[in-house]
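**Q** Please read through the structure below; I'll follow up with questions.
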Amino acid sequence: MAGQSDLKKLFEAKDASIIVAHPTNSLRSQITSTLKTLGFKTVNGATEVGDIVRLLGEEPKPQSRPVWILTTLYPEDKANALQLGRLLRETEELDKTFWSLIASQEDSYVLPLAIEQGLLSWHPVDQFAAVEAIKNEITSLMDVAIRLDCNPDLVALHYARLHLRITQAYDRLLKLTGAMVELRPDNAEFLYFYADALALNKQLDAAKRHATKALWMDKSLMQRVADMRDKDQGNLFTRDEIATLEQSGTSVLGAFGISRCVIVDPDNAARTHLRTALEGLGIKDVTEFEDGESAWDFLRDHHTGSILIMEWKLPKLSGMALLQRMHQKGIHDTPVIISSAQLGPQDRGLLEELGSGVLLQKPLSIEALDTHIRIAVKEENLPSSFKGVIRKVRSLLRQNNVPAAKKLWTASSKDMLVPGPHRKIMDAEILLAEARLEEAYLEAQAAAKLGATGAYFFNLLGKIAFALGDFDSSAGWFDKANKEVAINIQRLTDLATVELHRGDTERASEMTSNAEKIDASNPRVVETKAIVAIEKGDLDEAAAMMAQLNDLMDIVAHLNNRAVALAWKGDHDRGIALYREALAAAPKGQTQNQKSFAPFVTYNMALALARKGDLAAAEKTAASIDPLSISSMDGRLSMKVGGLQQRVKDAIRTGKKMEIDTPKTSEMSKQRILKIMKTADAGDAKATSLLLKMVEKPLRFNSRKS
C-alpha cells in the first residue's frame, strides 16, 4: 500500500505519474495544464473509468514511481470512482496508487465510503471552475500533505474532518477529531481541529483549553483561533481574550492547566534567582520550600496544577526520596525538573526509573529554564518523542490504568521511530500489567537479544520472574539492577519481598535497612519492615510498624502470595502461621482504613485451612467472621465470607473434599508460541480504520439514473 515515501515523491519531488479523469475535455485540459504549471511533469488525461484502468495497465510493473488519479465520480457510468477505489485497494500491483475525488455537493454523500476505499482527498467541483481556483486547491492539498509529514492516512483523516464539518455532522466530527488527537497528540493542527469540533458542539470551556494548547505549540494558528465560532456563529474568544493571547504569547503553564510552580531548594539565593527567572517568563504563582519534607506536606494535597523544580540534595527528605513518595502516592500529573549541580548524565538511569526526564545543571539561565519547562510540560501532556510517550505510558501503568496505557502506546508507537529494545521492553511491561506473564517474558527475551540493558530492564525482568514464581531468578535480576542504581527504594523493598519468598529473612532485613537509610518514614519501607517482622515472628516490631500505616491491604496481598506459594510446595502450615502472626500484630484501636485488615486475613486463613483439608478448623475460623458486621465495610468480602461458610458446611455434611484453587503458572502451548511469533511485529490497524467508527452505518452507493 502506498505510504509516506510515495506521497513525498508525489508532492515534494513531483516524481509521479498523474491521471486526470473528467468527461469534459475543456475542464480536463484546464486541470492538466495547471498541474504542469505547478511542476508535475507526467500528466495524462482520461474520459472515463475504463481509460484510467487502461492507463494503469500501461504503467511499468513493478511501478518505479507512484501514480495519482484525480477523478470525478462518474455516477452514470457502469464503472464509477468507488469501484475504481475498490480495485486499487484489492490489486497488489496497484499498491503505489493514490486517488482523489472531485465531487459536487449532491455527490458528497459517497465520501465516507470513498474514504473507506482508500481515498486520499476530495475537492468541491466548484473549485475547479477556473485556473486560479484549481491552482489554489491543488496547492492546499500539497501543503496539507507536507504539514502532515506526507502520511496518507493523516491526509485522509484531514479531508474526512472537512467533509463532516461542511455537512454539519458535528457529533461525528467530535469523535473523529478526538481520535485524531489520540493518534497524534503532538500535532498542533489536530488540537485546533478538536477545539473547533468542541466549539461546534457547544463545549466552549474545553474548546478554549484545547485551542490555547494548540496556539502554544504553533503561534501561526493565531488567526484561525481568533476566527473560531460556535454552532450559533458566536466568537469563541472575546477581543480582549485574543489580545491577551497575542500579547502574552500564551503561557506554557496556562495552556496546560498548570497554575503554579513549586520550588524546593535549601539555598535562599538559588530560590530567589529561580523565582526572578520564572517571573520573567510570565509565571507569577510560585511556592517555595527549603526542605523536602515541607515540600512533600504541600504536594501531597496540592500537586494538581503544579510543576516542580527541585534541588537533588535536600535536608530532611532527599530529592530522590521525595520523587519516590510522589511515585508511590500516585502523583503522576506533576512535571518535574531537577535543578542541581549534584547530578550528571550518569544519573539519568535513576531519573528515568523515578519518572523524571528533565535535568538542569546549575547555574541556570532563563533561556535554558524556559526551554526545559516547555519540554517537561509538553512531554507530560503531549508526548511527542518516543521517550515522552514511554514516560506517559509508564505513568498510566503506575496508576493501574492499563487500557489507557495500551491505547496510547498502540496509537503513538506505530508512527514513531522507536528503537527495537525500547519497543520490546514497553510491550513486555504492558503484557506484565495484563498478567500475560509468559508473553511478557518472551518480549523481554527479545529485548535482550536486541541489546537491552540497564537498571530499568533488569528490574522488569525481576518483576516478571517474581510474577512467574521464579524467586531465585527474580532476586538475581533485582541484584543486577541494584548494581546499576542502588538507591531505588521500590526495588530494595521488592528485593526484600523476594528474599522472604526464598526463605532468607536476614537478607530481607538487610534490604529493608538499606531502604530505611534513604527514607525511614516512606510508607513502602514501613510496610516492608512490618512484613519482615511478621515473617521473623517479631510481633512487637510488626505491631509498631502496622500502627503507622493508614492502609494495610498490601500486607494482606503479601500474606496471600506467600500462603499460595507455600501451598505449591505443600507447606500449608507455614502460610497459616503467618496469617495468625499478622492477626496477633494487628493494631488496636484501628482507623477506618485498617478495620478491613483482620476480616480479610481471617477469611484468607480459613481458605488456607480448607486448602490444607482441615475443614473443622476452616469452619471455626470462617464462623468467627460476621458477614453482616463487615457488609458496610466491604460488600464483596461479606458475600465471599457467607459463601465460604456455606461451602465448608456442605463439604463437612457430604464428606466430600472441598476444592480450593491453588493457581499455578501455565505452560505456554506450542500453538500460543507460534501465534506470538507470528504477530509480535505485526503493524497496528491503520489510521483510516478510525473512519469506520466515524460513520455508524456505512453508506451504500447505487448508480443513479439521469
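By convention here, the chains of the C-alpha cells are called A, B, ... in the order presented, each chain's residues are numbered starting at 1, and ligands are numbered starting at 1 in the order presented.
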Could you please write out, as a PDB file with C-alpha atoms, in the first residue's frame, every residue of region 140-372 of chain A that DSSP assigns to strand (DSSP E)?

**A**
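Generated output (out.pdb):
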```
ATOM      1  CA  ARG A 260       1.752  27.281  39.972  1.00  0.00           C
ATOM      2  CA  CYS A 261       5.425  26.407  40.171  1.00  0.00           C
ATOM      3  CA  VAL A 262       6.794  24.766  43.328  1.00  0.00           C
ATOM      4  CA  ILE A 263      10.492  25.421  44.053  1.00  0.00           C
ATOM      5  CA  VAL A 264      12.364  23.218  46.548  1.00  0.00           C
ATOM      6  CA  VAL A 286       5.470  30.456  42.840  1.00  0.00           C
ATOM      7  CA  THR A 287       5.566  28.496  46.121  1.00  0.00           C
ATOM      8  CA  GLU A 288       8.961  27.954  47.797  1.00  0.00           C
ATOM      9  CA  PHE A 289      10.284  25.345  50.236  1.00  0.00           C
ATOM     10  CA  SER A 306       1.726  22.319  39.719  1.00  0.00           C
ATOM     11  CA  ILE A 307       5.142  21.991  38.120  1.00  0.00           C
ATOM     12  CA  LEU A 308       8.025  21.076  40.447  1.00  0.00           C
ATOM     13  CA  ILE A 309      11.577  22.462  40.160  1.00  0.00           C
ATOM     14  CA  MET A 310      13.792  20.921  42.825  1.00  0.00           C
ATOM     15  CA  VAL A 336       9.383  17.576  37.447  1.00  0.00           C
ATOM     16  CA  ILE A 337      12.631  19.421  36.660  1.00  0.00           C
ATOM     17  CA  ILE A 338      15.762  18.561  38.658  1.00  0.00           C
ATOM     18  CA  SER A 339      17.987  21.621  39.006  1.00  0.00           C
ATOM     19  CA  VAL A 358      14.481  16.757  32.730  1.00  0.00           C
ATOM     20  CA  LEU A 359      17.819  17.522  34.405  1.00  0.00           C
ATOM     21  CA  LEU A 360      19.332  21.011  34.516  1.00  0.00           C
TER      22      LEU A 360
END
```

**Q** Write out as a list in words each polymer residue whose atoms come within 12 Å of Lys569 (chain A), counting only C-alpha atoms; drop sequence neighbours fewer than 3 positions from it.

**A**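 Neighbouring residues, sequence-local ones excluded: Gly469, His501, Arg562, Ala563, Val564, Ala565, Leu566, His572, Asp573, Arg574, Gly575, Lys612, Thr662 and Lys664 of chain A.
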
**Q** Residues near Leu492 (chain A), anyone? I mean within 7 Å using only C-alpha atoms, not counting same-chain ones fewer than 6 positions away, as a PyMOL selection string.

**A** chain A and resi 511-512+515

**Q** Next, the residues of the selection above should be written as a short mmCIF file (atom, residue, chain, number, x, y, z; two decimals), in the first residue's frame with N, CA and C atoms.

**A**
```cif
data_model
loop_
_atom_site.label_atom_id
_atom_site.label_comp_id
_atom_site.auth_asym_id
_atom_site.auth_seq_id
_atom_site.Cartn_x
_atom_site.Cartn_y
_atom_site.Cartn_z
N MET A 511 18.01 -5.67 53.11
CA MET A 511 17.47 -4.83 52.05
C MET A 511 16.55 -3.75 52.62
N THR A 512 15.75 -4.13 53.62
CA THR A 512 14.84 -3.17 54.24
C THR A 512 15.62 -2.07 54.96
N ALA A 515 16.88 0.46 52.51
CA ALA A 515 15.82 1.37 52.10
C ALA A 515 15.50 2.36 53.21
#
```

**Q** With a distance cut-off of 10 Å and only C-alpha atoms, select the neighbouring residues of Met142 (chain A), excluding the residue or stretch itself and same-chain residues fewer than 2 positions from it, and output the selection as a list in words.

**A**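 That gives Leu7, Lys8, Leu10, Phe11, Glu12, Asn136, Glu137, Ile138, Thr139, Ser140, Val144, Ala145, Ile146, Arg147, Leu148, Cys150 and Val155 of chain A.
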
**Q** Quick one: residues within 7 Å of region 44-47 of chain A, only C-alpha atoms, excluding same-chain residues fewer than 5 positions away - as a ChimeraX atom specification?

**A** /A:18-23,28,52

**Q** Which neighbours of Glu516 (chain A) fall inside 10 Å, counting only C-alpha atoms, when residues of the same chain fewer than 4 positions from it are skipped, and could you give them as a list of chain:residue names?

**A** A:Ile489, A:Leu492, A:Thr493, A:Glu510, A:Met511, A:Thr512, A:Ala520, A:Ser521, A:Asn522, A:Arg524, A:Val525, A:Val526, A:Thr528, A:Lys529

**Q** Please indicate the distance in Å from CA of Leu615 (chain A) to CA of Pro627 (chain A), rounded to one decimal place.

**A**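 So the answer is 19.2 Å.
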
**Q** Could you pull out the alpha helix (DSSP H) residues of region 318-553 of chain A from DSSP and send them as a ChimeraX atom specification?

**A** /A:319-329,348-353,366-381,386-398,402-413,420-433,437-449,455-467,471-484,489-502,505-518,523-536,539-547,553

**Q** Quick one: residues within 9 Å of Thr97 (chain A), only C-alpha atoms counted, chain neighbours fewer than 2 positions away excluded, as a PyMOL selection string?

**A** chain A and resi 1-2+6+66-69+88-89+94-95+99

**Q** Just write the chosen residues, N, CA and C atoms, as a PDB file, in the first residue's frame.

**A**
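The file below, selection33.pdb, is the result:
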```
ATOM      1  N   MET A   1       0.840  -1.185   0.000  1.00  0.00           N
ATOM      2  CA  MET A   1       0.000   0.000   0.000  1.00  0.00           C
ATOM      3  C   MET A   1       0.879   1.240   0.000  1.00  0.00           C
ATOM      4  N   ALA A   2       0.441   2.264  -0.734  1.00  0.00           N
ATOM      5  CA  ALA A   2       1.235   3.485  -0.840  1.00  0.00           C
ATOM      6  C   ALA A   2       1.423   4.119   0.533  1.00  0.00           C
ATOM      7  N   ASP A   6       6.067   7.367  -0.814  1.00  0.00           N
ATOM      8  CA  ASP A   6       5.411   7.543  -2.111  1.00  0.00           C
ATOM      9  C   ASP A   6       4.751   8.918  -2.208  1.00  0.00           C
ATOM     10  N   PRO A  66       5.094   6.399  -7.887  1.00  0.00           N
ATOM     11  CA  PRO A  66       3.667   6.366  -7.563  1.00  0.00           C
ATOM     12  C   PRO A  66       2.800   6.967  -8.669  1.00  0.00           C
ATOM     13  N   VAL A  67       1.520   6.626  -8.602  1.00  0.00           N
ATOM     14  CA  VAL A  67       0.513   7.163  -9.519  1.00  0.00           C
ATOM     15  C   VAL A  67      -0.528   7.901  -8.691  1.00  0.00           C
ATOM     16  N   TRP A  68      -0.970   9.042  -9.201  1.00  0.00           N
ATOM     17  CA  TRP A  68      -2.046   9.793  -8.543  1.00  0.00           C
ATOM     18  C   TRP A  68      -3.172   9.974  -9.535  1.00  0.00           C
ATOM     19  N   ILE A  69      -4.360   9.539  -9.157  1.00  0.00           N
ATOM     20  CA  ILE A  69      -5.542   9.685 -10.009  1.00  0.00           C
ATOM     21  C   ILE A  69      -6.427  10.776  -9.420  1.00  0.00           C
ATOM     22  N   LEU A  88      -8.287  -0.526  -6.729  1.00  0.00           N
ATOM     23  CA  LEU A  88      -6.950  -0.106  -6.301  1.00  0.00           C
ATOM     24  C   LEU A  88      -6.574  -0.760  -4.977  1.00  0.00           C
ATOM     25  N   ARG A  89      -7.564  -0.868  -4.091  1.00  0.00           N
ATOM     26  CA  ARG A  89      -7.297  -1.414  -2.757  1.00  0.00           C
ATOM     27  C   ARG A  89      -7.015  -2.911  -2.818  1.00  0.00           C
ATOM     28  N   LEU A  94      -1.169  -2.460  -7.880  1.00  0.00           N
ATOM     29  CA  LEU A  94      -1.507  -1.035  -7.872  1.00  0.00           C
ATOM     30  C   LEU A  94      -1.279  -0.413  -6.497  1.00  0.00           C
ATOM     31  N   ASP A  95      -0.349  -0.997  -5.729  1.00  0.00           N
ATOM     32  CA  ASP A  95      -0.201  -0.577  -4.337  1.00  0.00           C
ATOM     33  C   ASP A  95       0.501   0.763  -4.168  1.00  0.00           C
ATOM     34  N   TRP A  99      -5.651   8.087  -4.961  1.00  0.00           N
ATOM     35  CA  TRP A  99      -6.730   8.673  -5.767  1.00  0.00           C
ATOM     36  C   TRP A  99      -7.453   9.746  -4.979  1.00  0.00           C
TER      37      TRP A  99
END
```

**Q** Rounded to one decimal place, report the CA of Arg580 (chain A)-CA of Gly643 (chain A) distance in Å.

**A**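 Spanning CA of Arg580 (chain A) to CA of Gly643 (chain A) is a straight-line distance of 22.0 Å.
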
**Q** Find, counting only C-alpha atoms, the residue in A:Arg611, A:Phe237, A:Met320, A:Phe600 that gets nearest to Leu343 (chain A).

**A**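 For Leu343 (chain A), the nearest of the candidates is A:Met320.
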
**Q** For CA of Leu450 (chain A) and CA of Lys387 (chain A), quote the distance in Å rounded to one decimal.

**A**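 So the answer is 17.7 Å.
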
**Q** When distances are computed from only C-alpha atoms, which of A:Leu162, A:Pro523, A:Asp472, A:Lys640 shows the smallest separation from His327 (chain A)?

**A**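 Looking at the shortest contact to His327 (chain A), the residue is A:Pro523.
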
**Q** Pick from A:Met605, A:Ile166, A:Ala81, A:Ile534: nearest to Val49 (chain A), with only C-alpha atoms counted?

**A** A:Ala81
